[in-house]
>>> print(open('coords.json').read())   # JSON, C-alpha atoms
[["chain", "number", "residue", "atom", "x", "y", "z"],
["I", 7, "MET", "CA", 113.49, 89.95, 107.56],
["I", 8, "PRO", "CA", 112.12, 92.86, 105.56],
["I", 9, "TYR", "CA", 108.56, 93.86, 106.29],
["I", 10, "VAL", "CA", 106.12, 95.78, 104.21],
["I", 11, "CYS", "CA", 105.98, 99.15, 105.96],
["I", 12, "TYR", "CA", 103.51, 101.97, 105.65],
["I", 13, "VAL", "CA", 104.48, 105.42, 106.85],
["I", 14, "PHE", "CA", 101.72, 107.96, 107.22],
["I", 15, "TYR", "CA", 101.96, 111.48, 108.50],
["I", 16, "ASP", "CA", 99.92, 114.51, 109.35],
["I", 17, "VAL", "CA", 102.10, 117.60, 109.34],
["I", 18, "PRO", "CA", 100.67, 121.14, 109.21],
["I", 19, "ASP", "CA", 103.85, 122.88, 108.05],
["I", 20, "ASP", "CA", 104.38, 122.67, 104.27],
["I", 21, "GLY", "CA", 108.17, 122.81, 104.41],
["I", 22, "LEU", "CA", 108.47, 120.13, 107.05],
["I", 23, "ARG", "CA", 105.94, 117.97, 105.23],
["I", 24, "ASN", "CA", 108.02, 118.18, 102.04],
["I", 25, "ARG", "CA", 111.22, 117.36, 103.91],
["I", 26, "ILE", "CA", 109.55, 114.31, 105.43],
["I", 27, "ALA", "CA", 108.42, 113.16, 101.98],
["I", 28, "ASP", "CA", 111.97, 113.62, 100.63],
["I", 29, "THR", "CA", 113.40, 111.61, 103.51],
["I", 30, "LEU", "CA", 110.97, 108.77, 102.88],
["I", 31, "LYS", "CA", 111.92, 108.75, 99.18],
["I", 32, "ASN", "CA", 115.59, 108.66, 100.17],
["I", 33, "TYR", "CA", 114.83, 105.55, 102.21],
["I", 34, "GLY", "CA", 113.52, 103.89, 99.08],
["I", 35, "LEU", "CA", 109.86, 104.19, 99.95],
["I", 36, "GLU", "CA", 107.21, 104.94, 97.34],
["I", 37, "ARG", "CA", 104.38, 107.40, 97.56],
["I", 38, "LEU", "CA", 100.93, 105.84, 97.74],
["I", 39, "GLN", "CA", 98.99, 108.95, 98.68],
["I", 40, "LYS", "CA", 99.92, 112.54, 99.50],
["I", 41, "SER", "CA", 100.81, 111.61, 103.05],
["I", 42, "VAL", "CA", 101.33, 107.86, 102.83],
["I", 43, "PHE", "CA", 104.44, 106.03, 101.67],
["I", 44, "TRP", "CA", 105.19, 102.35, 101.63],
["I", 45, "GLY", "CA", 107.94, 99.93, 100.86],
["I", 46, "GLU", "CA", 110.09, 97.18, 102.30],
["I", 47, "MET", "CA", 112.24, 97.80, 105.35],
["I", 48, "THR", "CA", 113.77, 95.77, 108.10],
["I", 49, "TRP", "CA", 112.88, 96.71, 111.67],
["I", 50, "ASN", "CA", 116.38, 98.14, 112.14],
["I", 51, "ARG", "CA", 116.17, 100.27, 109.04],
["I", 52, "ALA", "CA", 112.75, 101.54, 110.14],
["I", 53, "THR", "CA", 113.99, 102.50, 113.61],
["I", 54, "GLU", "CA", 116.87, 104.36, 111.97],
["I", 55, "LEU", "CA", 114.36, 106.18, 109.74],
["I", 56, "ALA", "CA", 112.25, 107.00, 112.80],
["I", 57, "MET", "CA", 115.25, 108.67, 114.44],
["I", 58, "VAL", "CA", 116.02, 110.67, 111.30],
["I", 59, "LEU", "CA", 112.39, 111.83, 111.13],
["I", 60, "ASP", "CA", 112.39, 112.68, 114.82],
["I", 61, "ASP", "CA", 115.46, 114.90, 114.32],
["I", 62, "LEU", "CA", 113.86, 116.53, 111.31],
["I", 63, "ILE", "CA", 110.63, 117.33, 113.15],
["I", 64, "GLY", "CA", 112.38, 118.82, 116.16],
["I", 65, "LYS", "CA", 109.81, 120.85, 118.07],
["I", 66, "GLN", "CA", 107.34, 121.22, 115.22],
["I", 67, "GLU", "CA", 103.84, 119.74, 115.16],
["I", 68, "ALA", "CA", 103.62, 116.36, 113.51],
["I", 69, "ASP", "CA", 101.98, 112.97, 113.77],
["I", 70, "VAL", "CA", 104.06, 110.28, 112.07],
["I", 71, "ARG", "CA", 103.61, 106.52, 112.34],
["I", 72, "ILE", "CA", 105.29, 103.51, 110.80],
["I", 73, "ILE", "CA", 103.32, 100.29, 110.69],
["I", 74, "PHE", "CA", 104.59, 96.86, 109.77],
["I", 75, "VAL", "CA", 102.89, 94.13, 107.80],
["I", 76, "PRO", "CA", 104.30, 90.62, 107.47],
["I", 77, "PRO", "CA", 105.13, 89.35, 103.97],
["I", 78, "SER", "CA", 102.17, 86.96, 104.11],
["I", 79, "PHE", "CA", 99.83, 89.95, 104.45],
["I", 80, "ARG", "CA", 101.18, 92.06, 101.61],
["I", 81, "ASP", "CA", 98.30, 91.00, 99.35],
["I", 82, "LYS", "CA", 95.72, 91.65, 102.05],
["I", 83, "VAL", "CA", 94.80, 95.09, 100.85],
["I", 84, "ILE", "CA", 91.52, 96.45, 99.61],
["I", 85, "VAL", "CA", 92.01, 99.33, 97.23],
["I", 86, "VAL", "CA", 88.61, 100.97, 97.22],
["I", 87, "ARG", "CA", 89.87, 103.60, 94.79],
["I", 88, "ASP", "CA", 93.27, 104.11, 93.25],
["I", 89, "MET", "CA", 93.83, 107.72, 92.22],
["I", 90, "TYR", "CA", 97.54, 107.53, 91.56],
["I", 91, "SER", "CA", 99.61, 105.08, 89.58],
["I", 92, "VAL", "CA", 101.62, 102.79, 91.78],
["I", 93, "ARG", "CA", 104.84, 101.69, 90.19],
["I", 94, "MET", "CA", 105.70, 98.80, 92.51],
["I", 95, "GLU", "CA", 104.22, 95.61, 91.24],
["I", 96, "ARG", "CA", 103.36, 94.08, 94.54],
["I", 97, "PRO", "CA", 101.19, 93.86, 96.59],
["I", 98, "LYS", "CA", 98.60, 92.64, 94.21],
["I", 99, "VAL", "CA", 95.54, 94.55, 95.11],
["I", 100, "MET", "CA", 91.94, 93.58, 95.13],
["I", 101, "VAL", "CA", 90.04, 96.30, 93.33],
["I", 102, "LEU", "CA", 86.37, 96.19, 94.22],
["G", 5, "MET", "CA", 89.13, 86.50, 112.84],
["G", 6, "PRO", "CA", 89.20, 90.24, 113.35],
["G", 7, "TYR", "CA", 92.22, 92.03, 111.98],
["G", 8, "VAL", "CA", 93.65, 95.36, 112.88],
["G", 9, "CYS", "CA", 92.74, 97.49, 109.88],
["G", 10, "TYR", "CA", 94.03, 100.87, 108.79],
["G", 11, "VAL", "CA", 92.01, 102.92, 106.34],
["G", 12, "PHE", "CA", 93.72, 105.88, 104.73],
["G", 13, "TYR", "CA", 92.36, 108.20, 102.12],
["G", 14, "ASP", "CA", 93.25, 111.10, 99.93],
["G", 15, "VAL", "CA", 90.13, 112.94, 98.82],
["G", 16, "PRO", "CA", 90.24, 116.46, 97.34],
["G", 17, "ASP", "CA", 86.55, 117.29, 97.90],
["G", 18, "ASP", "CA", 85.83, 118.51, 101.45],
["G", 19, "GLY", "CA", 82.25, 117.23, 101.55],
["G", 20, "LEU", "CA", 83.13, 113.77, 100.33],
["G", 21, "ARG", "CA", 86.09, 113.62, 102.68],
["G", 22, "ASN", "CA", 83.83, 114.39, 105.64],
["G", 23, "ARG", "CA", 81.28, 111.80, 104.54],
["G", 24, "ILE", "CA", 84.03, 109.20, 104.31],
["G", 25, "ALA", "CA", 85.21, 110.08, 107.83],
["G", 26, "ASP", "CA", 81.63, 109.77, 109.13],
["G", 27, "THR", "CA", 81.24, 106.38, 107.49],
["G", 28, "LEU", "CA", 84.46, 105.12, 109.05],
["G", 29, "LYS", "CA", 83.26, 106.31, 112.48],
["G", 30, "ASN", "CA", 79.95, 104.52, 111.91],
["G", 31, "TYR", "CA", 81.93, 101.34, 111.30],
["G", 32, "GLY", "CA", 83.48, 101.73, 114.73],
["G", 33, "LEU", "CA", 86.86, 102.89, 113.52],
["G", 34, "GLU", "CA", 88.86, 105.52, 115.36],
["G", 35, "ARG", "CA", 90.65, 108.48, 113.91],
["G", 36, "LEU", "CA", 94.45, 108.31, 114.13],
["G", 37, "GLN", "CA", 95.23, 111.21, 111.83],
["G", 38, "LYS", "CA", 93.16, 113.57, 109.67],
["G", 39, "SER", "CA", 92.95, 110.98, 106.91],
["G", 40, "VAL", "CA", 93.76, 107.75, 108.71],
["G", 41, "PHE", "CA", 91.41, 105.61, 110.77],
["G", 42, "TRP", "CA", 92.00, 102.27, 112.40],
["G", 43, "GLY", "CA", 90.22, 99.57, 114.33],
["G", 44, "GLU", "CA", 89.30, 95.92, 114.35],
["G", 45, "MET", "CA", 87.32, 94.44, 111.49],
["G", 46, "THR", "CA", 86.84, 91.04, 109.95],
["G", 47, "TRP", "CA", 87.62, 90.67, 106.27],
["G", 48, "ASN", "CA", 83.89, 90.45, 105.50],
["G", 49, "ARG", "CA", 83.09, 93.60, 107.42],
["G", 50, "ALA", "CA", 85.93, 95.40, 105.63],
["G", 51, "THR", "CA", 84.72, 94.34, 102.18],
["G", 52, "GLU", "CA", 81.24, 95.56, 103.12],
["G", 53, "LEU", "CA", 82.75, 98.89, 104.19],
["G", 54, "ALA", "CA", 84.68, 99.06, 100.91],
["G", 55, "MET", "CA", 81.43, 98.71, 98.96],
["G", 56, "VAL", "CA", 79.76, 101.42, 101.02],
["G", 57, "LEU", "CA", 82.71, 103.75, 100.41],
["G", 58, "ASP", "CA", 82.73, 102.91, 96.73],
["G", 59, "ASP", "CA", 79.04, 103.90, 96.48],
["G", 60, "LEU", "CA", 79.71, 107.09, 98.40],
["G", 61, "ILE", "CA", 82.60, 108.11, 96.14],
["G", 62, "GLY", "CA", 80.69, 107.49, 92.94],
["G", 63, "LYS", "CA", 82.53, 109.29, 90.16],
["G", 64, "GLN", "CA", 84.49, 111.66, 92.38],
["G", 65, "GLU", "CA", 88.24, 111.68, 92.79],
["G", 66, "ALA", "CA", 89.51, 109.61, 95.68],
["G", 67, "ASP", "CA", 92.24, 107.25, 96.74],
["G", 68, "VAL", "CA", 91.11, 104.96, 99.55],
["G", 69, "ARG", "CA", 92.87, 101.86, 100.85],
["G", 70, "ILE", "CA", 92.23, 99.39, 103.64],
["G", 71, "ILE", "CA", 95.19, 97.44, 104.91],
["G", 72, "PHE", "CA", 95.14, 94.48, 107.27],
["G", 73, "VAL", "CA", 97.53, 93.63, 110.06],
["G", 74, "PRO", "CA", 97.44, 90.31, 111.90],
["G", 75, "PRO", "CA", 96.83, 90.39, 115.68],
["G", 76, "SER", "CA", 100.44, 89.36, 116.29],
["G", 77, "PHE", "CA", 101.59, 92.56, 114.57],
["G", 78, "ARG", "CA", 99.37, 95.03, 116.38],
["G", 79, "ASP", "CA", 102.25, 96.08, 118.64],
["G", 80, "LYS", "CA", 104.65, 96.43, 115.74],
["G", 81, "VAL", "CA", 104.20, 100.15, 115.32],
["G", 82, "ILE", "CA", 106.67, 102.96, 115.61],
["G", 83, "VAL", "CA", 105.02, 106.19, 116.61],
["G", 84, "VAL", "CA", 107.61, 108.77, 115.65],
["G", 85, "ARG", "CA", 105.29, 111.55, 116.85],
["G", 86, "ASP", "CA", 101.83, 111.44, 118.30],
["G", 87, "MET", "CA", 99.95, 114.69, 117.78],
["G", 88, "TYR", "CA", 96.50, 113.47, 118.74],
["G", 89, "SER", "CA", 95.27, 111.50, 121.69],
["G", 90, "VAL", "CA", 94.42, 107.93, 120.82],
["G", 91, "ARG", "CA", 91.71, 106.47, 122.98],
["G", 92, "MET", "CA", 92.13, 102.78, 122.16],
["G", 93, "GLU", "CA", 94.52, 101.18, 124.57],
["G", 94, "ARG", "CA", 96.20, 98.84, 122.18],
["G", 95, "PRO", "CA", 98.45, 98.61, 120.23],
["G", 96, "LYS", "CA", 101.07, 99.51, 122.72],
["G", 97, "VAL", "CA", 103.34, 101.78, 120.81],
["G", 98, "MET", "CA", 107.02, 102.21, 120.89],
["G", 99, "VAL", "CA", 107.68, 105.92, 121.21],
["G", 100, "LEU", "CA", 111.23, 106.71, 120.18]]
>>> encode(input="coords.json", output="C-alpha cells")
Amino acid sequence: MPYVCYVFYDVPDDGLRNRIADTLKNYGLERLQKSVFWGEMTWNRATELAMVLDDLIGKQEADVRIIFVPPSFRDKVIVVRDMYSVRMERPKVMVL
Amino acid sequence: MPYVCYVFYDVPDDGLRNRIADTLKNYGLERLQKSVFWGEMTWNRATELAMVLDDLIGKQEADVRIIFVPPSFRDKVIVVRDMYSVRMERPKVMVL
C-alpha cells in the first residue's frame, strides 16, 4: 500500500543539502518547502530511499526523517500559509 | 482524540521565524529540526494554533503547514539521521 510520505531534513552543508533534494526528486517526491518533500511511497520504497540517503550523508551532519500518513489522513492538513505553488492536486488542503 | 502533529515552516524573516518557534513551544510542541516541531494536539487545538500563527504572520512571507498522523502511525517513522536529541520518548523510531 502506498502511503503519503513527508521527508524533512536539516543539513548544514549546501552541497549535501542539494544532493539530498535531487535524490528526493529522483524518487518522485515533490518539494513542499525548502527542506520538505512529499509524495506517495510504499514502505519498501521508503526504506530503500533511506538507505540511499544514508550512503549520501556518510559522516556529514544531517537530520533526516521520513514520516508516513495513511491515505485516509491525506486531507488532514492545515495549510496556514502556502508560499509556493504545489503542483500535485491532492491532498486537498484546508486554507484558514 | 489527540493526533501526532508535525508543524513545518519556511519563513525568510528571522524575527518572524523565531516568533513562530516560540508560539509552537508555547503550544507544548517540541523541536525536531530547526523548522520542524511535533507533539500531540487535538484538531481543535491545532486549528486554534493555525489562527494564532496566521495572525502572527500577517502580510509577511511564510509557508506553514500542520500535518496530522493517527496514533497507530506514530511509530511509522524512519529516522535516517538524528542530529538533535529528542526528549519525547515516543514514537519509537527505526534507525537504519
>>> interface_residues(input="coords.json", of="chain G", to="chain I", cutoff="7 Å", atoms="only C-alpha atoms", output="list in words")
Asp14, Gln37, Lys38, Ala54, Asp58, Glu65, Ala66, Asp67, Val68, Arg69, Ile70, Ile71, Phe72, Val73, Lys80, Val81, Ile82, Val83, Val84, Arg85, Asp86 and Met87 of chain G
>>> atom_distance(input="coords.json", atom1="CA of Leu22 (chain I)", atom2="CA of Asp61 (chain I)")
11.4 Å
>>> atom_distance(input="coords.json", atom1="CA of Thr29 (chain I)", atom2="CA of Met47 (chain I)")
14.0 Å
>>> atom_distance(input="coords.json", atom1="CA of Asp26 (chain G)", atom2="CA of Pro18 (chain I)")
22.2 Å
>>> decode(input="coords.json", residues="chain G", atoms="C-alpha atoms", output="PDB file, in the first residue's frame")
ATOM      1  CA  MET G   5      -8.723  12.427  20.064  1.00  0.00           C
ATOM      2  CA  PRO G   6      -5.216  13.828  20.123  1.00  0.00           C
ATOM      3  CA  TYR G   7      -3.189  13.314  16.991  1.00  0.00           C
ATOM      4  CA  VAL G   8       0.513  13.375  16.495  1.00  0.00           C
ATOM      5  CA  CYS G   9       1.056  16.641  14.652  1.00  0.00           C
ATOM      6  CA  TYR G  10       4.046  17.909  12.742  1.00  0.00           C
ATOM      7  CA  VAL G  11       4.375  21.608  12.042  1.00  0.00           C
ATOM      8  CA  PHE G  12       6.942  22.675   9.490  1.00  0.00           C
ATOM      9  CA  TYR G  13       7.656  26.132   8.223  1.00  0.00           C
ATOM     10  CA  ASP G  14       9.716  28.065   5.767  1.00  0.00           C
ATOM     11  CA  VAL G  15       9.985  31.695   6.811  1.00  0.00           C
ATOM     12  CA  PRO G  16      12.603  34.062   5.359  1.00  0.00           C
ATOM     13  CA  ASP G  17      12.388  36.705   8.111  1.00  0.00           C
ATOM     14  CA  ASP G  18      14.494  35.817  11.175  1.00  0.00           C
ATOM     15  CA  GLY G  19      12.294  37.651  13.673  1.00  0.00           C
ATOM     16  CA  LEU G  20       9.078  36.112  12.441  1.00  0.00           C
ATOM     17  CA  ARG G  21      10.697  32.696  12.309  1.00  0.00           C
ATOM     18  CA  ASN G  22      11.720  32.999  15.957  1.00  0.00           C
ATOM     19  CA  ARG G  23       8.258  34.175  16.972  1.00  0.00           C
ATOM     20  CA  ILE G  24       6.732  31.182  15.211  1.00  0.00           C
ATOM     21  CA  ALA G  25       9.117  28.833  17.041  1.00  0.00           C
ATOM     22  CA  ASP G  26       8.197  30.461  20.375  1.00  0.00           C
ATOM     23  CA  THR G  27       4.495  30.065  19.641  1.00  0.00           C
ATOM     24  CA  LEU G  28       4.939  26.385  18.826  1.00  0.00           C
ATOM     25  CA  LYS G  29       6.828  25.889  22.110  1.00  0.00           C
ATOM     26  CA  ASN G  30       4.019  27.667  23.962  1.00  0.00           C
ATOM     27  CA  TYR G  31       1.606  25.158  22.460  1.00  0.00           C
ATOM     28  CA  GLY G  32       3.641  22.372  24.014  1.00  0.00           C
ATOM     29  CA  LEU G  33       5.283  21.225  20.824  1.00  0.00           C
ATOM     30  CA  GLU G  34       8.871  20.043  20.716  1.00  0.00           C
ATOM     31  CA  ARG G  35      11.528  20.967  18.230  1.00  0.00           C
ATOM     32  CA  LEU G  36      12.633  18.131  15.951  1.00  0.00           C
ATOM     33  CA  GLN G  37      14.624  20.193  13.476  1.00  0.00           C
ATOM     34  CA  LYS G  38      15.311  23.915  13.013  1.00  0.00           C
ATOM     35  CA  SER G  39      11.986  24.377  11.254  1.00  0.00           C
ATOM     36  CA  VAL G  40      10.016  21.326  12.337  1.00  0.00           C
ATOM     37  CA  PHE G  41       8.126  20.839  15.576  1.00  0.00           C
ATOM     38  CA  TRP G  42       5.935  17.982  16.680  1.00  0.00           C
ATOM     39  CA  GLY G  43       3.685  16.908  19.501  1.00  0.00           C
ATOM     40  CA  GLU G  44       0.183  15.847  20.385  1.00  0.00           C
ATOM     41  CA  MET G  45      -2.755  18.108  19.616  1.00  0.00           C
ATOM     42  CA  THR G  46      -6.446  17.717  19.023  1.00  0.00           C
ATOM     43  CA  TRP G  47      -7.825  19.025  15.761  1.00  0.00           C
ATOM     44  CA  ASN G  48      -9.447  21.943  17.612  1.00  0.00           C
ATOM     45  CA  ARG G  49      -6.242  22.893  19.345  1.00  0.00           C
ATOM     46  CA  ALA G  50      -4.400  22.747  16.015  1.00  0.00           C
ATOM     47  CA  THR G  51      -6.933  24.987  14.269  1.00  0.00           C
ATOM     48  CA  GLU G  52      -6.595  27.454  17.146  1.00  0.00           C
ATOM     49  CA  LEU G  53      -2.811  27.357  16.721  1.00  0.00           C
ATOM     50  CA  ALA G  54      -3.226  27.905  12.977  1.00  0.00           C
ATOM     51  CA  MET G  55      -5.223  31.068  13.634  1.00  0.00           C
ATOM     52  CA  VAL G  56      -2.619  32.354  16.075  1.00  0.00           C
ATOM     53  CA  LEU G  57       0.134  31.714  13.523  1.00  0.00           C
ATOM     54  CA  ASP G  58      -1.905  33.341  10.785  1.00  0.00           C
ATOM     55  CA  ASP G  59      -2.257  36.496  12.920  1.00  0.00           C
ATOM     56  CA  LEU G  60       1.442  36.454  13.694  1.00  0.00           C
ATOM     57  CA  ILE G  61       2.441  36.166  10.031  1.00  0.00           C
ATOM     58  CA  GLY G  62       0.173  38.965   8.894  1.00  0.00           C
ATOM     59  CA  LYS G  63       1.346  40.044   5.462  1.00  0.00           C
ATOM     60  CA  GLN G  64       4.828  38.562   5.697  1.00  0.00           C
ATOM     61  CA  GLU G  65       6.156  35.739   3.570  1.00  0.00           C
ATOM     62  CA  ALA G  66       5.742  32.308   5.087  1.00  0.00           C
ATOM     63  CA  ASP G  67       4.878  28.736   4.299  1.00  0.00           C
ATOM     64  CA  VAL G  68       3.499  26.912   7.331  1.00  0.00           C
ATOM     65  CA  ARG G  69       1.766  23.536   7.406  1.00  0.00           C
ATOM     66  CA  ILE G  70       0.370  21.309  10.113  1.00  0.00           C
ATOM     67  CA  ILE G  71       0.006  17.647   9.302  1.00  0.00           C
ATOM     68  CA  PHE G  72      -1.785  15.010  11.347  1.00  0.00           C
ATOM     69  CA  VAL G  73      -0.809  11.428  11.973  1.00  0.00           C
ATOM     70  CA  PRO G  74      -3.122   8.932  13.673  1.00  0.00           C
ATOM     71  CA  PRO G  75      -1.906   7.317  16.920  1.00  0.00           C
ATOM     72  CA  SER G  76      -1.483   3.993  15.118  1.00  0.00           C
ATOM     73  CA  PHE G  77       1.095   5.633  12.832  1.00  0.00           C
ATOM     74  CA  ARG G  78       3.222   7.318  15.457  1.00  0.00           C
ATOM     75  CA  ASP G  79       5.843   4.561  15.212  1.00  0.00           C
ATOM     76  CA  LYS G  80       5.875   4.648  11.441  1.00  0.00           C
ATOM     77  CA  VAL G  81       8.866   6.917  11.131  1.00  0.00           C
ATOM     78  CA  ILE G  82      12.218   6.345   9.535  1.00  0.00           C
ATOM     79  CA  VAL G  83      14.907   8.440  11.124  1.00  0.00           C
ATOM     80  CA  VAL G  84      17.649   8.362   8.520  1.00  0.00           C
ATOM     81  CA  ARG G  85      19.812  10.596  10.727  1.00  0.00           C
ATOM     82  CA  ASP G  86      19.154  12.156  14.081  1.00  0.00           C
ATOM     83  CA  MET G  87      21.253  15.259  14.661  1.00  0.00           C
ATOM     84  CA  TYR G  88      19.449  16.565  17.718  1.00  0.00           C
ATOM     85  CA  SER G  89      18.371  14.876  20.894  1.00  0.00           C
ATOM     86  CA  VAL G  90      14.650  14.299  21.060  1.00  0.00           C
ATOM     87  CA  ARG G  91      13.289  14.313  24.566  1.00  0.00           C
ATOM     88  CA  MET G  92       9.872  12.765  23.942  1.00  0.00           C
ATOM     89  CA  GLU G  93      10.045   9.039  24.339  1.00  0.00           C
ATOM     90  CA  ARG G  94       7.659   8.101  21.617  1.00  0.00           C
ATOM     91  CA  PRO G  95       7.458   7.499  18.701  1.00  0.00           C
ATOM     92  CA  LYS G  96       9.945   4.731  18.817  1.00  0.00           C
ATOM     93  CA  VAL G  97      11.980   5.254  15.729  1.00  0.00           C
ATOM     94  CA  MET G  98      13.527   2.852  13.368  1.00  0.00           C
ATOM     95  CA  VAL G  99      17.120   3.936  12.900  1.00  0.00           C
ATOM     96  CA  LEU G 100      18.553   2.402   9.751  1.00  0.00           C
TER      97      LEU G 100
END
